[in-house]
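Accompanying notes for the structure given below.
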Amino acid sequence: MTDECAPLDNVLRPGAPSGPSGVALSDRRFVGQINLRGRGEAVTAVGAALGYALPVEANTTVGSGVSRACWLGPDEWLLICEDDQRAELKKRLDDALAGHAYAATDVTDSRAVLRIAGACARPVLAKGCPLDLSARSFGVGHVAQSLVGRAQAMILPIEGGGYDLFVARSFAGYLWTWLLDAGAEYGIRVQT
Amino acid sequence: MLLIPCPYCGERTESEFRYGGEAHFRRPENHLEATDEAWADYLFMRKNPKGWHRERWMHIAGCKRWFYVVRHTVTHRISSVYKVGDPLPDLPS
Ligand SMILES: [Zn+2]
């Protein structure tokens, strides 16, 4: 995202507690996001274009690193990529899906992505999220849309522990301050 | 708090959902000739049973899909959930 006024600019203050910190918060500002709708043969065609099959099992994600497809619904996915690759990804989808009934929409600017990491990321998130966050049922390879502090969010577990929270950008400031409050007891390191 | 088994996502907490009221009531077929009573029935009258109820729910914070739930309005027990277009499951006896 290259906009002048990023959604967290008003609340993000880098810093660290003098003591130990169990939580690290950061703004993942540069994540490209494309919403994809389609069914049947369109799903197969996308798989060929991406080089991997779209996840059809509920609440799962396929891909590597930033580039991945997240299941949102039975005919809906969020494809994420490096910010500077989204135009290319969108074109690849449009080319692969010509003639199919589908919608590929660049929604990069609709959501902010907040990263909560560190040893205590899970207990902080659990304060405001009704999902079972135990590593057994919700780890890397899973993804879910749910509530965090009553805000709707897509929650993506990341390598090494922690989560990327995709939230409507108008909720980003609210969710950031909610996380600061929920994580205060563990010590929060805020990174840019 | 209900634990609702979304037919797409699995069991989720009630706060992720929106209630959509009674399911499967139909708009009058021949709308130009339908009586006022038929319109009023369609627009305003609902069963509101004390017992098993077929109702609509939407997983608004999750997959954002509408689906159907059979729920007991006294015990809140959910006997089945099904997708739009699925055959109607029987009500428990
Ligand atoms: Zn769902």
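Each chain in the structure tokens gets a letter, A, B and so on, in the order shown; residues start at 1 in every chain, and ligands are counted from 1 in the order they appear.
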
Let's see if you can do this: from backbone DSSP, list all strand (DSSP E) residues in chain B, as a VMD selection string.
chain B and resid 3 to 6 10 to 13 18 to 22 52 to 58 66 to 72 78 to 83

Would you pick out the contacts of Leu25 (chain A) at 9 Å or less, using only C-alpha atoms, so that residues sharing its chain but fewer than 4 positions from it are not included, and give the list as a list in words?
Leu114, Arg115, Ile116, Ala117, Gly118, Trp176, Leu179, Leu180, Ile188, Arg189, Val190, Gln191 and Thr192 of chain A

Just-selected residues, N, CA and C atoms written as a PDB file, in the first residue's frame:
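The resulting file, selection-v2.pdb, is reproduced below:
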ATOM      1  N   LEU A 114      -2.358  -6.272  10.620  1.00  0.00           N
ATOM      2  CA  LEU A 114      -1.643  -6.076  11.880  1.00  0.00           C
ATOM      3  C   LEU A 114      -0.991  -7.395  12.253  1.00  0.00           C
ATOM      4  N   ARG A 115       0.285  -7.355  12.576  1.00  0.00           N
ATOM      5  CA  ARG A 115       0.949  -8.592  12.984  1.00  0.00           C
ATOM      6  C   ARG A 115       1.162  -8.595  14.479  1.00  0.00           C
ATOM      7  N   ILE A 116       0.701  -9.675  15.121  1.00  0.00           N
ATOM      8  CA  ILE A 116       0.987  -9.859  16.536  1.00  0.00           C
ATOM      9  C   ILE A 116       1.826 -11.120  16.668  1.00  0.00           C
ATOM     10  N   ALA A 117       3.033 -10.963  17.177  1.00  0.00           N
ATOM     11  CA  ALA A 117       3.962 -12.084  17.306  1.00  0.00           C
ATOM     12  C   ALA A 117       4.505 -12.109  18.729  1.00  0.00           C
ATOM     13  N   GLY A 118       5.432 -13.010  18.976  1.00  0.00           N
ATOM     14  CA  GLY A 118       6.010 -13.125  20.310  1.00  0.00           C
ATOM     15  C   GLY A 118       5.392 -14.278  21.081  1.00  0.00           C
ATOM     16  N   TRP A 176      -5.733  -1.889  16.854  1.00  0.00           N
ATOM     17  CA  TRP A 176      -4.361  -1.665  17.338  1.00  0.00           C
ATOM     18  C   TRP A 176      -4.379  -1.253  18.813  1.00  0.00           C
ATOM     19  N   LEU A 179      -5.302  -4.133  21.002  1.00  0.00           N
ATOM     20  CA  LEU A 179      -4.182  -5.055  21.216  1.00  0.00           C
ATOM     21  C   LEU A 179      -3.172  -4.485  22.217  1.00  0.00           C
ATOM     22  N   LEU A 180      -2.946  -3.180  22.147  1.00  0.00           N
ATOM     23  CA  LEU A 180      -2.039  -2.546  23.110  1.00  0.00           C
ATOM     24  C   LEU A 180      -2.562  -2.746  24.534  1.00  0.00           C
ATOM     25  N   ILE A 188       4.857  -5.033  25.587  1.00  0.00           N
ATOM     26  CA  ILE A 188       4.665  -4.972  24.132  1.00  0.00           C
ATOM     27  C   ILE A 188       5.821  -4.229  23.480  1.00  0.00           C
ATOM     28  N   ARG A 189       6.378  -4.856  22.474  1.00  0.00           N
ATOM     29  CA  ARG A 189       7.387  -4.219  21.646  1.00  0.00           C
ATOM     30  C   ARG A 189       6.689  -3.787  20.364  1.00  0.00           C
ATOM     31  N   VAL A 190       6.719  -2.519  20.054  1.00  0.00           N
ATOM     32  CA  VAL A 190       6.070  -2.040  18.830  1.00  0.00           C
ATOM     33  C   VAL A 190       7.137  -1.757  17.778  1.00  0.00           C
ATOM     34  N   GLN A 191       7.007  -2.456  16.671  1.00  0.00           N
ATOM     35  CA  GLN A 191       8.000  -2.313  15.606  1.00  0.00           C
ATOM     36  C   GLN A 191       7.371  -1.632  14.415  1.00  0.00           C
ATOM     37  N   THR A 192       8.181  -0.958  13.633  1.00  0.00           N
ATOM     38  CA  THR A 192       7.644  -0.337  12.424  1.00  0.00           C
ATOM     39  C   THR A 192       7.666  -1.347  11.295  1.00  0.00           C
TER      40      THR A 192
END

Can you tell me which residues sit at most 7 Å away from ligand 1, counting only C-alpha atoms and all ligand atoms, written as number ranges by chain?
B: 6-10, 59, 62-65

Writer output for current selection, N, CA, C and O atoms, as a CSV table (one decimal), in the first residue's frame:
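Contents of the output file result-v7.csv:
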chain,number,residue,atom,x,y,z
B,6,CYS,N,-21.8,-24.0,11.6
B,6,CYS,CA,-21.9,-23.5,10.2
B,6,CYS,C,-21.7,-24.6,9.2
B,6,CYS,O,-20.7,-25.4,9.4
B,7,PRO,N,-22.5,-24.9,8.2
B,7,PRO,CA,-22.3,-26.0,7.3
B,7,PRO,C,-21.0,-25.8,6.5
B,7,PRO,O,-20.6,-26.8,5.8
B,8,TYR,N,-20.4,-24.6,6.5
B,8,TYR,CA,-19.2,-24.4,5.7
B,8,TYR,C,-18.0,-24.4,6.7
B,8,TYR,O,-16.9,-25.0,6.3
B,9,CYS,N,-18.1,-23.7,7.8
B,9,CYS,CA,-16.9,-23.5,8.6
B,9,CYS,C,-16.8,-24.4,9.9
B,9,CYS,O,-15.7,-24.5,10.5
B,10,GLY,N,-17.9,-25.1,10.2
B,10,GLY,CA,-17.8,-25.9,11.4
B,10,GLY,C,-18.4,-25.0,12.6
B,10,GLY,O,-18.9,-24.0,12.5
B,59,HIS,N,-23.6,-16.4,8.6
B,59,HIS,CA,-22.3,-16.4,9.3
B,59,HIS,C,-21.5,-15.1,9.0
B,59,HIS,O,-20.5,-15.2,8.2
B,62,GLY,N,-17.8,-14.8,9.6
B,62,GLY,CA,-17.0,-15.9,9.1
B,62,GLY,C,-17.1,-15.9,7.6
B,62,GLY,O,-16.8,-15.0,6.9
B,63,CYS,N,-17.8,-17.0,7.0
B,63,CYS,CA,-17.8,-17.2,5.6
B,63,CYS,C,-18.9,-16.3,4.9
B,63,CYS,O,-19.0,-16.3,3.7
B,64,LYS,N,-19.7,-15.7,5.7
B,64,LYS,CA,-20.7,-14.7,5.2
B,64,LYS,C,-21.8,-15.4,4.3
B,64,LYS,O,-22.3,-14.9,3.4
B,65,ARG,N,-22.1,-16.7,4.6
B,65,ARG,CA,-23.1,-17.4,3.9
B,65,ARG,C,-24.4,-17.6,4.8
B,65,ARG,O,-24.3,-17.8,6.0

Using only C-alpha atoms, can you tell me which of A:Ala6, A:Val56, A:Cys120, A:Ala144 comes closest to chain B?
A:Ala144

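For the set B:Ser93, B:Glu16, B:Pro5, B:Thr73, the residue with the smallest atom-to-atom gap to chain A is B:Glu16, counting only C-alpha atoms.
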
Tell me as an MDAnalysis selection string which residues belonging to chain A come within 6 Å of chain B, counting only C-alpha atoms.
chainID A and resid 58 72:73 145:146 152

Excluding region 28-44 of chain A and any residue of its chain fewer than 6 positions from it, enumerate the residues within 8 Å of it, using only C-alpha atoms, and give them as a PyMOL selection string.
chain A and resi 1-2+6+53-54+66+75-86+90+97+100-108+112-115

Selection: 9 Å around Arg56 (chain B), only C-alpha atoms, excl. self and same-chain fewer than 4 positions, as a ChimeraX atom specification
/B:18-24,66-70

Please produce a file of those selected residues containing all heavy atoms, as a tab-separated table (two decimals), in the first residue's frame.
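Final output, saved to part38.tsv:
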chain	number	residue	atom	x	y	z
B	18	ARG	N	-25.62	-13.79	12.47
B	18	ARG	CA	-26.81	-12.96	12.54
B	18	ARG	C	-28.02	-13.85	12.31
B	18	ARG	O	-28.01	-14.70	11.43
B	18	ARG	CB	-26.81	-11.88	11.46
B	18	ARG	CG	-25.85	-10.76	11.68
B	18	ARG	CD	-26.24	-9.85	12.84
B	18	ARG	NE	-25.22	-8.82	13.03
B	18	ARG	CZ	-24.05	-9.01	13.64
B	18	ARG	NH1	-23.76	-10.19	14.15
B	18	ARG	NH2	-23.19	-8.03	13.77
B	19	TYR	N	-29.06	-13.61	13.09
B	19	TYR	CA	-30.29	-14.37	12.98
B	19	TYR	C	-31.13	-13.81	11.85
B	19	TYR	O	-31.22	-12.59	11.69
B	19	TYR	CB	-31.03	-14.25	14.31
B	19	TYR	CG	-32.32	-15.02	14.38
B	19	TYR	CD1	-32.33	-16.39	14.16
B	19	TYR	CD2	-33.51	-14.38	14.67
B	19	TYR	CE1	-33.51	-17.10	14.25
B	19	TYR	CE2	-34.70	-15.09	14.76
B	19	TYR	CZ	-34.69	-16.44	14.55
B	19	TYR	OH	-35.86	-17.15	14.63
B	20	GLY	N	-31.74	-14.68	11.05
B	20	GLY	CA	-32.53	-14.22	9.92
B	20	GLY	C	-34.00	-14.57	9.99
B	20	GLY	O	-34.72	-14.44	9.01
B	21	GLY	N	-34.46	-15.06	11.15
B	21	GLY	CA	-35.88	-15.34	11.32
B	21	GLY	C	-36.33	-16.64	10.67
B	21	GLY	O	-35.51	-17.44	10.20
B	22	GLU	N	-37.63	-16.82	10.67
B	22	GLU	CA	-38.23	-18.06	10.16
B	22	GLU	C	-37.83	-18.32	8.71
B	22	GLU	O	-37.76	-17.39	7.90
B	22	GLU	CB	-39.76	-17.94	10.27
B	22	GLU	CG	-40.49	-19.18	9.81
B	22	GLU	CD	-42.01	-18.98	9.85
B	22	GLU	OE1	-42.49	-18.22	10.71
B	22	GLU	OE2	-42.70	-19.57	9.01
B	23	ALA	N	-37.62	-19.58	8.39
B	23	ALA	CA	-37.20	-19.96	7.04
B	23	ALA	C	-38.38	-20.50	6.23
B	23	ALA	O	-39.39	-20.90	6.78
B	23	ALA	CB	-36.12	-21.04	7.12
B	24	HIS	N	-38.22	-20.49	4.94
B	24	HIS	CA	-39.09	-21.22	4.01
B	24	HIS	C	-40.52	-20.70	3.90
B	24	HIS	O	-41.40	-21.42	3.47
B	24	HIS	CB	-39.16	-22.72	4.37
B	24	HIS	CG	-37.81	-23.37	4.50
B	24	HIS	ND1	-36.86	-23.31	3.51
B	24	HIS	CD2	-37.25	-24.08	5.51
B	24	HIS	CE1	-35.78	-23.96	3.91
B	24	HIS	NE2	-35.98	-24.43	5.10
B	66	TRP	N	-25.52	-17.51	4.05
B	66	TRP	CA	-26.79	-17.86	4.68
B	66	TRP	C	-26.95	-19.36	4.69
B	66	TRP	O	-26.52	-20.05	3.76
B	66	TRP	CB	-27.95	-17.25	3.89
B	66	TRP	CG	-28.12	-15.79	4.09
B	66	TRP	CD1	-27.69	-14.78	3.26
B	66	TRP	CD2	-28.78	-15.14	5.19
B	66	TRP	NE1	-28.05	-13.56	3.79
B	66	TRP	CE2	-28.71	-13.75	4.96
B	66	TRP	CE3	-29.41	-15.61	6.34
B	66	TRP	CZ2	-29.26	-12.82	5.85
B	66	TRP	CZ3	-29.96	-14.69	7.23
B	66	TRP	CH2	-29.87	-13.31	6.97
B	67	PHE	N	-27.59	-19.89	5.71
B	67	PHE	CA	-27.91	-21.32	5.77
B	67	PHE	C	-29.09	-21.48	6.73
B	67	PHE	O	-29.60	-20.51	7.27
B	67	PHE	CB	-26.69	-22.13	6.21
B	67	PHE	CG	-26.16	-21.76	7.56
B	67	PHE	CD1	-26.54	-22.47	8.70
B	67	PHE	CD2	-25.29	-20.70	7.71
B	67	PHE	CE1	-26.06	-22.12	9.96
B	67	PHE	CE2	-24.80	-20.35	8.97
B	67	PHE	CZ	-25.19	-21.05	10.08
B	68	TYR	N	-29.51	-22.73	6.89
B	68	TYR	CA	-30.69	-23.00	7.72
B	68	TYR	C	-30.31	-23.80	8.96
B	68	TYR	O	-29.40	-24.63	8.92
B	68	TYR	CB	-31.73	-23.79	6.93
B	68	TYR	CG	-32.23	-23.08	5.70
B	68	TYR	CD1	-32.02	-23.61	4.43
B	68	TYR	CD2	-32.93	-21.89	5.81
B	68	TYR	CE1	-32.49	-22.96	3.30
B	68	TYR	CE2	-33.40	-21.24	4.69
B	68	TYR	CZ	-33.18	-21.77	3.43
B	68	TYR	OH	-33.64	-21.13	2.33
B	69	VAL	N	-31.05	-23.55	10.02
B	69	VAL	CA	-30.84	-24.24	11.28
B	69	VAL	C	-32.19	-24.74	11.77
B	69	VAL	O	-33.20	-24.04	11.65
B	69	VAL	CB	-30.24	-23.28	12.34
B	69	VAL	CG1	-30.18	-23.95	13.72
B	69	VAL	CG2	-28.86	-22.79	11.93
B	70	VAL	N	-32.24	-25.95	12.29
B	70	VAL	CA	-33.42	-26.43	13.01
B	70	VAL	C	-33.09	-26.35	14.50
B	70	VAL	O	-32.20	-27.04	14.98
B	70	VAL	CB	-33.79	-27.87	12.63
B	70	VAL	CG1	-35.01	-28.34	13.45
B	70	VAL	CG2	-34.10	-27.97	11.14

If you run DSSP over the backbone, which residues in region 14-91 of chain B end up helix (DSSP H, G or I)? Put them as JSON, numbers by chain.
{"B": [14, 15, 16, 36, 37, 38, 39, 40, 41, 42, 43, 44]}

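Our summary of the geometry notes that CA of Leu125 (chain A) is positioned 29.3 Å from CA of Arg77 (chain B).
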
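One distance worth recording is that between CA of Val148 (chain A) and CA of Cys70 (chain A), which is 18.1 Å.
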
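Pairwise distance (CA of Asp27 (chain A), CA of Arg136 (chain A)) equals 26.9 Å.
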
List the spatial neighbours of Tyr174 (chain A) as an mmCIF file with N, CA and C atoms, in the first residue's frame - criterion: any atom at most 12 Å away, only C-alpha atoms, same-chain residues fewer than 2 positions off excluded.
data_model
loop_
_atom_site.group_PDB
_atom_site.id
_atom_site.type_symbol
_atom_site.label_atom_id
_atom_site.label_comp_id
_atom_site.auth_asym_id
_atom_site.auth_seq_id
_atom_site.Cartn_x
_atom_site.Cartn_y
_atom_site.Cartn_z
ATOM 1 N N PRO A 7 -3.469 3.433 7.528
ATOM 2 C CA PRO A 7 -4.504 3.404 8.562
ATOM 3 C C PRO A 7 -3.980 3.442 9.994
ATOM 4 N N LEU A 8 -2.711 3.068 10.206
ATOM 5 C CA LEU A 8 -2.210 3.017 11.580
ATOM 6 C C LEU A 8 -1.317 4.194 11.945
ATOM 7 N N ASN A 10 -1.814 7.106 12.868
ATOM 8 C CA ASN A 10 -2.198 7.917 14.021
ATOM 9 C C ASN A 10 -1.943 7.231 15.362
ATOM 10 N N VAL A 11 -1.764 5.901 15.332
ATOM 11 C CA VAL A 11 -1.651 5.186 16.610
ATOM 12 C C VAL A 11 -0.313 4.474 16.791
ATOM 13 N N LEU A 12 0.407 4.261 15.698
ATOM 14 C CA LEU A 12 1.628 3.446 15.796
ATOM 15 C C LEU A 12 2.782 4.273 16.363
ATOM 16 N N ALA A 112 -6.268 -3.344 6.559
ATOM 17 C CA ALA A 112 -4.931 -3.224 7.134
ATOM 18 C C ALA A 112 -4.530 -4.601 7.649
ATOM 19 N N LEU A 114 -2.358 -6.272 10.620
ATOM 20 C CA LEU A 114 -1.643 -6.076 11.880
ATOM 21 C C LEU A 114 -0.991 -7.395 12.253
ATOM 22 N N VAL A 148 -12.165 -10.299 16.498
ATOM 23 C CA VAL A 148 -11.085 -9.963 17.434
ATOM 24 C C VAL A 148 -11.490 -8.657 18.106
ATOM 25 N N GLY A 149 -11.708 -8.712 19.405
ATOM 26 C CA GLY A 149 -12.168 -7.509 20.098
ATOM 27 C C GLY A 149 -13.425 -6.954 19.455
ATOM 28 N N ARG A 150 -14.300 -7.832 19.001
ATOM 29 C CA ARG A 150 -15.590 -7.547 18.361
ATOM 30 C C ARG A 150 -15.464 -6.995 16.941
ATOM 31 N N ALA A 151 -14.255 -6.863 16.423
ATOM 32 C CA ALA A 151 -14.085 -6.432 15.031
ATOM 33 C C ALA A 151 -13.931 -7.672 14.149
ATOM 34 N N GLN A 152 -14.591 -7.660 12.989
ATOM 35 C CA GLN A 152 -14.433 -8.784 12.070
ATOM 36 C C GLN A 152 -13.027 -8.779 11.495
ATOM 37 N N VAL A 167 -7.902 -6.698 8.834
ATOM 38 C CA VAL A 167 -9.082 -6.034 9.381
ATOM 39 C C VAL A 167 -9.421 -4.822 8.502
ATOM 40 N N ALA A 168 -10.706 -4.530 8.368
ATOM 41 C CA ALA A 168 -11.115 -3.362 7.582
ATOM 42 C C ALA A 168 -10.330 -2.150 8.063
ATOM 43 N N ARG A 169 -9.843 -1.329 7.132
ATOM 44 C CA ARG A 169 -8.883 -0.301 7.553
ATOM 45 C C ARG A 169 -9.490 0.719 8.509
ATOM 46 N N SER A 170 -10.821 0.881 8.457
ATOM 47 C CA SER A 170 -11.439 1.816 9.396
ATOM 48 C C SER A 170 -11.441 1.262 10.823
ATOM 49 N N PHE A 171 -11.225 -0.053 10.974
ATOM 50 C CA PHE A 171 -11.141 -0.653 12.304
ATOM 51 C C PHE A 171 -9.703 -0.791 12.781
ATOM 52 N N ALA A 172 -8.733 -0.468 11.916
ATOM 53 C CA ALA A 172 -7.341 -0.792 12.221
ATOM 54 C C ALA A 172 -6.850 -0.050 13.464
ATOM 55 N N TRP A 176 -5.733 -1.889 16.854
ATOM 56 C CA TRP A 176 -4.361 -1.665 17.338
ATOM 57 C C TRP A 176 -4.379 -1.253 18.813
ATOM 58 N N THR A 177 -5.222 -0.315 19.166
ATOM 59 C CA THR A 177 -5.260 0.137 20.561
ATOM 60 C C THR A 177 -5.852 -0.948 21.466
ATOM 61 N N TRP A 178 -6.773 -1.747 20.908
ATOM 62 C CA TRP A 178 -7.294 -2.889 21.677
ATOM 63 C C TRP A 178 -6.157 -3.859 22.010
ATOM 64 N N LEU A 179 -5.302 -4.133 21.002
ATOM 65 C CA LEU A 179 -4.182 -5.055 21.216
ATOM 66 C C LEU A 179 -3.172 -4.485 22.217
ATOM 67 N N LEU A 180 -2.946 -3.180 22.147
ATOM 68 C CA LEU A 180 -2.039 -2.546 23.110
ATOM 69 C C LEU A 180 -2.562 -2.746 24.534
ATOM 70 N N ASP A 181 -3.872 -2.606 24.688
ATOM 71 C CA ASP A 181 -4.475 -2.763 26.012
ATOM 72 C C ASP A 181 -4.429 -4.221 26.462
#

Name the residues in contact with Lys50 (chain B) at a cut-off of 10 Å, using only C-alpha atoms, excluding same-chain residues fewer than 3 positions from it; report them as an NGL selection string.
:B and (47 or 53 or 72-75)
